[in-house]
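Notes follow once the structure below has been shown.
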Amino acid sequence: MKALAAFSTFVGKTFAFWVIVCAVLGFLFPDQAKQIAPWIVTLLAIIMFGMGLTLSVDDFKEVARRPLEVTIGVICQFLIMPLLAVLLTHVIPMPPEVAAGVILVGCCPGGTSSNVMTYLSKGDVALSVACTSVTTLAAPLVTPFLVWLLASQFLPVDAWAMFISIVKIVLAPLALGFLAQKLLPKMVRAAVPVLPLVSVIGIVLIVAAVVGASKAAIAQSGLMIFAVVVLHNGLGYLLGFFAAKALGLNLTKRKAIAIEVGMQNSGLGAALANAYFSPVAAVPSAIFSVWHNISGAILANYFSRRTEK
């Protein structure tokens, strides 16, 4: 078990590498990768169940202890990234399916990778975890509403069906994972060290499936989509940081908010885009999965050297 836990830690630390490898494999072997597509929702549900296993009551106590800071993080998450996505779709010409996919990933909650990157950046980890937890729990209501509001101009949006899907693939697995902690604490404690491995496998398979199903679109518009994702992610970090600074938060909290805003739950974006739009609309989420882990590690390294004057 120790060897498996050590391997899980290694895979978690080299997450970006494995995502890139599987994205390349999905592009080179699209027929094989496409066979994973029907399992995207199941894979994401497993990832969210793993997140539920690690949630604790203390995460929610943090919300009660620091409601203003958490509220700032949540509002920044659901305001900055969706509006940036809309701006980019107007500034950069792109097909309607890609535009809808960019907006969808912008409307997703924060990703759990942000908690790791905040830790590496010497930021406020408790604030990051609290923000991720709240945005994830709010996602069934907020994400479909924002997608309907902002992306309907590009493609039809069934907000109610999207709400039901997010409840099934996010809230239900989270609740089951949290319940498992209470009913089977010893088993859960033994399983927690292996969770990074499970999460990485789930995400890389989702990325491979989306890339395989969208090979033609990536070959035609891949560079444009990559440029949009890099801008979206980078501007998210920047605006998150300066919004937190303008609201008077200290440097450790600004680091947490910046990373929280810039890093999305792109696995959820890929699952929803594949289910309600098309595989092409899932490409921005797939590329986001690759890029935000690379950019997050670079930013965390930079932030770790910065301290309050």
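By order in the structure tokens, chains are A, B, ...; within a chain, residues start at 1; ligands start at 1, following the order shown.
The residue set within 9 Å of Leu268 in chain A, counting only C-alpha atoms and dropping same-chain residues fewer than 2 places from it, reads Val41, Leu44, Val105, Cys108, Pro109, Ile166, Ile169, Val170, Gln264, Asn265, Ser266, Ala270, Ala271, Leu272, Ala273 and Ser285 of chain A.
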Could you write out that same residue set with N, CA and C atoms as a short mmCIF file (atom, residue, chain, number, x, y, z; two decimals), in the first residue's frame?
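The resulting file, selection_14.cif, is shown below:
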```cif
data_model
loop_
_atom_site.label_atom_id
_atom_site.label_comp_id
_atom_site.auth_asym_id
_atom_site.auth_seq_id
_atom_site.Cartn_x
_atom_site.Cartn_y
_atom_site.Cartn_z
N VAL A 41 -18.83 10.84 -18.24
CA VAL A 41 -19.64 11.22 -17.08
C VAL A 41 -19.30 10.33 -15.87
N LEU A 44 -15.93 11.34 -14.39
CA LEU A 44 -16.01 12.57 -13.60
C LEU A 44 -16.69 12.32 -12.27
N VAL A 105 -16.54 26.44 -20.08
CA VAL A 105 -15.43 26.20 -19.14
C VAL A 105 -15.23 27.42 -18.23
N CYS A 108 -17.58 27.19 -15.17
CA CYS A 108 -17.42 26.05 -14.25
C CYS A 108 -16.85 26.51 -12.91
N PRO A 109 -17.04 25.71 -11.87
CA PRO A 109 -16.45 26.04 -10.56
C PRO A 109 -14.94 25.85 -10.57
N ILE A 166 -25.44 18.09 -13.46
CA ILE A 166 -24.42 18.49 -12.48
C ILE A 166 -24.76 17.92 -11.10
N ILE A 169 -23.61 14.22 -11.41
CA ILE A 169 -22.19 13.90 -11.56
C ILE A 169 -21.28 14.69 -10.62
N VAL A 170 -21.87 15.67 -9.89
CA VAL A 170 -21.07 16.44 -8.93
C VAL A 170 -21.61 16.30 -7.51
N GLN A 264 -9.93 26.11 -13.52
CA GLN A 264 -11.32 25.66 -13.59
C GLN A 264 -11.45 24.15 -13.42
N ASN A 265 -12.66 23.71 -13.08
CA ASN A 265 -12.98 22.28 -13.12
C ASN A 265 -13.27 21.94 -14.58
N SER A 266 -12.21 21.83 -15.36
CA SER A 266 -12.35 21.63 -16.80
C SER A 266 -12.86 20.24 -17.14
N ALA A 270 -15.72 19.60 -19.86
CA ALA A 270 -15.65 18.63 -20.96
C ALA A 270 -16.85 17.70 -20.96
N ALA A 271 -17.26 17.24 -19.78
CA ALA A 271 -18.41 16.33 -19.68
C ALA A 271 -19.69 17.01 -20.13
N LEU A 272 -19.92 18.24 -19.69
CA LEU A 272 -21.14 18.97 -20.05
C LEU A 272 -21.15 19.33 -21.54
N ALA A 273 -20.01 19.79 -22.04
CA ALA A 273 -19.92 20.16 -23.46
C ALA A 273 -20.17 18.95 -24.35
N SER A 285 -12.23 22.86 -23.00
CA SER A 285 -12.07 22.26 -21.67
C SER A 285 -10.91 21.28 -21.63
#
```
Each range 121-145 of chain A residue no farther than 8 Å from range 57-77 of chain A, nearest pair in Å, only C-alpha atoms, as CSV:
```
residue,atom,partner,partner_atom,distance
A:Ala126,CA,A:Glu62,CA,7.1
A:Leu127,CA,A:Val70,CA,6.6
A:Val129,CA,A:Asp59,CA,6.7
A:Ala130,CA,A:Asp59,CA,5.4
A:Cys131,CA,A:Val70,CA,5.6
A:Ser133,CA,A:Asp59,CA,7.6
A:Val134,CA,A:Val74,CA,7.2
A:Thr135,CA,A:Val74,CA,6.1
```
Residues within 6 Å of range 203-210 of chain A, please, as an mmCIF file with N, CA and C atoms, in the first residue's frame. Count only C-alpha atoms; anything in the same chain fewer than 2 positions from it doesn't count.
```cif
data_model
loop_
_atom_site.group_PDB
_atom_site.id
_atom_site.type_symbol
_atom_site.label_atom_id
_atom_site.label_comp_id
_atom_site.auth_asym_id
_atom_site.auth_seq_id
_atom_site.Cartn_x
_atom_site.Cartn_y
_atom_site.Cartn_z
ATOM 1 N N VAL A 19 -1.204 14.357 -18.623
ATOM 2 C CA VAL A 19 -2.291 14.921 -19.417
ATOM 3 C C VAL A 19 -1.817 15.181 -20.844
ATOM 4 N N CYS A 22 -1.453 11.819 -22.750
ATOM 5 C CA CYS A 22 -2.732 11.225 -23.156
ATOM 6 C C CYS A 22 -3.439 12.071 -24.209
ATOM 7 N N ALA A 23 -3.227 13.396 -24.175
ATOM 8 C CA ALA A 23 -3.798 14.244 -25.223
ATOM 9 C C ALA A 23 -3.161 13.900 -26.580
ATOM 10 N N GLY A 26 -4.473 10.558 -27.693
ATOM 11 C CA GLY A 26 -5.836 10.704 -28.193
ATOM 12 C C GLY A 26 -5.861 11.251 -29.607
ATOM 13 N N ALA A 33 -9.386 6.259 -28.751
ATOM 14 C CA ALA A 33 -9.724 7.241 -27.707
ATOM 15 C C ALA A 33 -11.220 7.518 -27.661
ATOM 16 N N LYS A 34 -11.864 7.540 -28.840
ATOM 17 C CA LYS A 34 -13.300 7.837 -28.886
ATOM 18 C C LYS A 34 -14.133 6.805 -28.138
ATOM 19 N N ILE A 36 -13.700 5.820 -25.283
ATOM 20 C CA ILE A 36 -13.799 6.210 -23.866
ATOM 21 C C ILE A 36 -14.925 7.207 -23.654
ATOM 22 N N ALA A 37 -15.343 7.894 -24.738
ATOM 23 C CA ALA A 37 -16.308 8.996 -24.623
ATOM 24 C C ALA A 37 -17.572 8.644 -23.831
ATOM 25 N N ILE A 40 -17.224 9.278 -20.011
ATOM 26 C CA ILE A 40 -16.752 10.564 -19.482
ATOM 27 C C ILE A 40 -17.502 10.946 -18.203
ATOM 28 N N VAL A 200 -6.030 11.540 -11.487
ATOM 29 C CA VAL A 200 -5.211 11.724 -12.690
ATOM 30 C C VAL A 200 -5.675 10.785 -13.800
ATOM 31 N N ILE A 201 -5.923 9.528 -13.459
ATOM 32 C CA ILE A 201 -6.394 8.569 -14.471
ATOM 33 C C ILE A 201 -7.709 9.048 -15.077
ATOM 34 N N GLY A 212 -9.605 12.747 -29.041
ATOM 35 C CA GLY A 212 -9.853 11.755 -30.087
ATOM 36 C C GLY A 212 -11.120 12.039 -30.872
ATOM 37 N N ALA A 213 -12.176 12.450 -30.156
ATOM 38 C CA ALA A 213 -13.457 12.718 -30.819
ATOM 39 C C ALA A 213 -13.428 14.007 -31.629
ATOM 40 N N ALA A 286 -10.769 20.485 -22.685
ATOM 41 C CA ALA A 286 -9.675 19.508 -22.737
ATOM 42 C C ALA A 286 -8.323 20.213 -22.760
#
```
Every residue of range 19-56 of chain A that DSSP places in alpha helix (DSSP H), as number ranges by chain | A: 19-28, 30-34, 40-54
Please provide the set of residues having any atom within 8 Å of Pro173 in chain A, restricted to only C-alpha atoms, with same-chain residues fewer than 4 positions apart removed, written as a PDB file with N, CA, C and O atoms, in the first residue's frame.
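Final output, around27.pdb:
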```pdb
ATOM      1  N   ALA A  45     -17.728  11.473 -12.272  1.00  0.00           N
ATOM      2  CA  ALA A  45     -18.422  11.147 -11.018  1.00  0.00           C
ATOM      3  C   ALA A  45     -17.468  10.465 -10.033  1.00  0.00           C
ATOM      4  O   ALA A  45     -17.512  10.727  -8.825  1.00  0.00           O
ATOM      5  N   ILE A  46     -16.600   9.601 -10.541  1.00  0.00           N
ATOM      6  CA  ILE A  46     -15.604   8.935  -9.675  1.00  0.00           C
ATOM      7  C   ILE A  46     -14.643   9.965  -9.080  1.00  0.00           C
ATOM      8  O   ILE A  46     -14.303   9.916  -7.893  1.00  0.00           O
ATOM      9  N   MET A  48     -15.266  13.154  -8.541  1.00  0.00           N
ATOM     10  CA  MET A  48     -15.993  13.947  -7.550  1.00  0.00           C
ATOM     11  C   MET A  48     -16.245  13.132  -6.280  1.00  0.00           C
ATOM     12  O   MET A  48     -16.246  13.685  -5.173  1.00  0.00           O
ATOM     13  N   PHE A  49     -16.453  11.827  -6.405  1.00  0.00           N
ATOM     14  CA  PHE A  49     -16.580  10.971  -5.222  1.00  0.00           C
ATOM     15  C   PHE A  49     -15.288  11.020  -4.403  1.00  0.00           C
ATOM     16  O   PHE A  49     -15.315  11.114  -3.168  1.00  0.00           O
ATOM     17  N   GLY A  52     -15.184  14.125  -2.495  1.00  0.00           N
ATOM     18  CA  GLY A  52     -16.066  13.999  -1.338  1.00  0.00           C
ATOM     19  C   GLY A  52     -15.396  13.277  -0.182  1.00  0.00           C
ATOM     20  O   GLY A  52     -15.636  13.593   0.987  1.00  0.00           O
ATOM     21  N   LYS A 168     -26.206  15.078 -10.620  1.00  0.00           N
ATOM     22  CA  LYS A 168     -25.866  13.646 -10.694  1.00  0.00           C
ATOM     23  C   LYS A 168     -24.369  13.397 -10.678  1.00  0.00           C
ATOM     24  O   LYS A 168     -23.899  12.458 -10.025  1.00  0.00           O
ATOM     25  N   ILE A 169     -23.614  14.217 -11.411  1.00  0.00           N
ATOM     26  CA  ILE A 169     -22.190  13.902 -11.560  1.00  0.00           C
ATOM     27  C   ILE A 169     -21.283  14.692 -10.617  1.00  0.00           C
ATOM     28  O   ILE A 169     -20.090  14.415 -10.541  1.00  0.00           O
ATOM     29  N   GLY A 177     -19.310  10.486  -1.107  1.00  0.00           N
ATOM     30  CA  GLY A 177     -17.946  10.455  -0.580  1.00  0.00           C
ATOM     31  C   GLY A 177     -17.886  10.981   0.837  1.00  0.00           C
ATOM     32  O   GLY A 177     -17.217  10.407   1.704  1.00  0.00           O
TER      33      GLY A 177
END
```
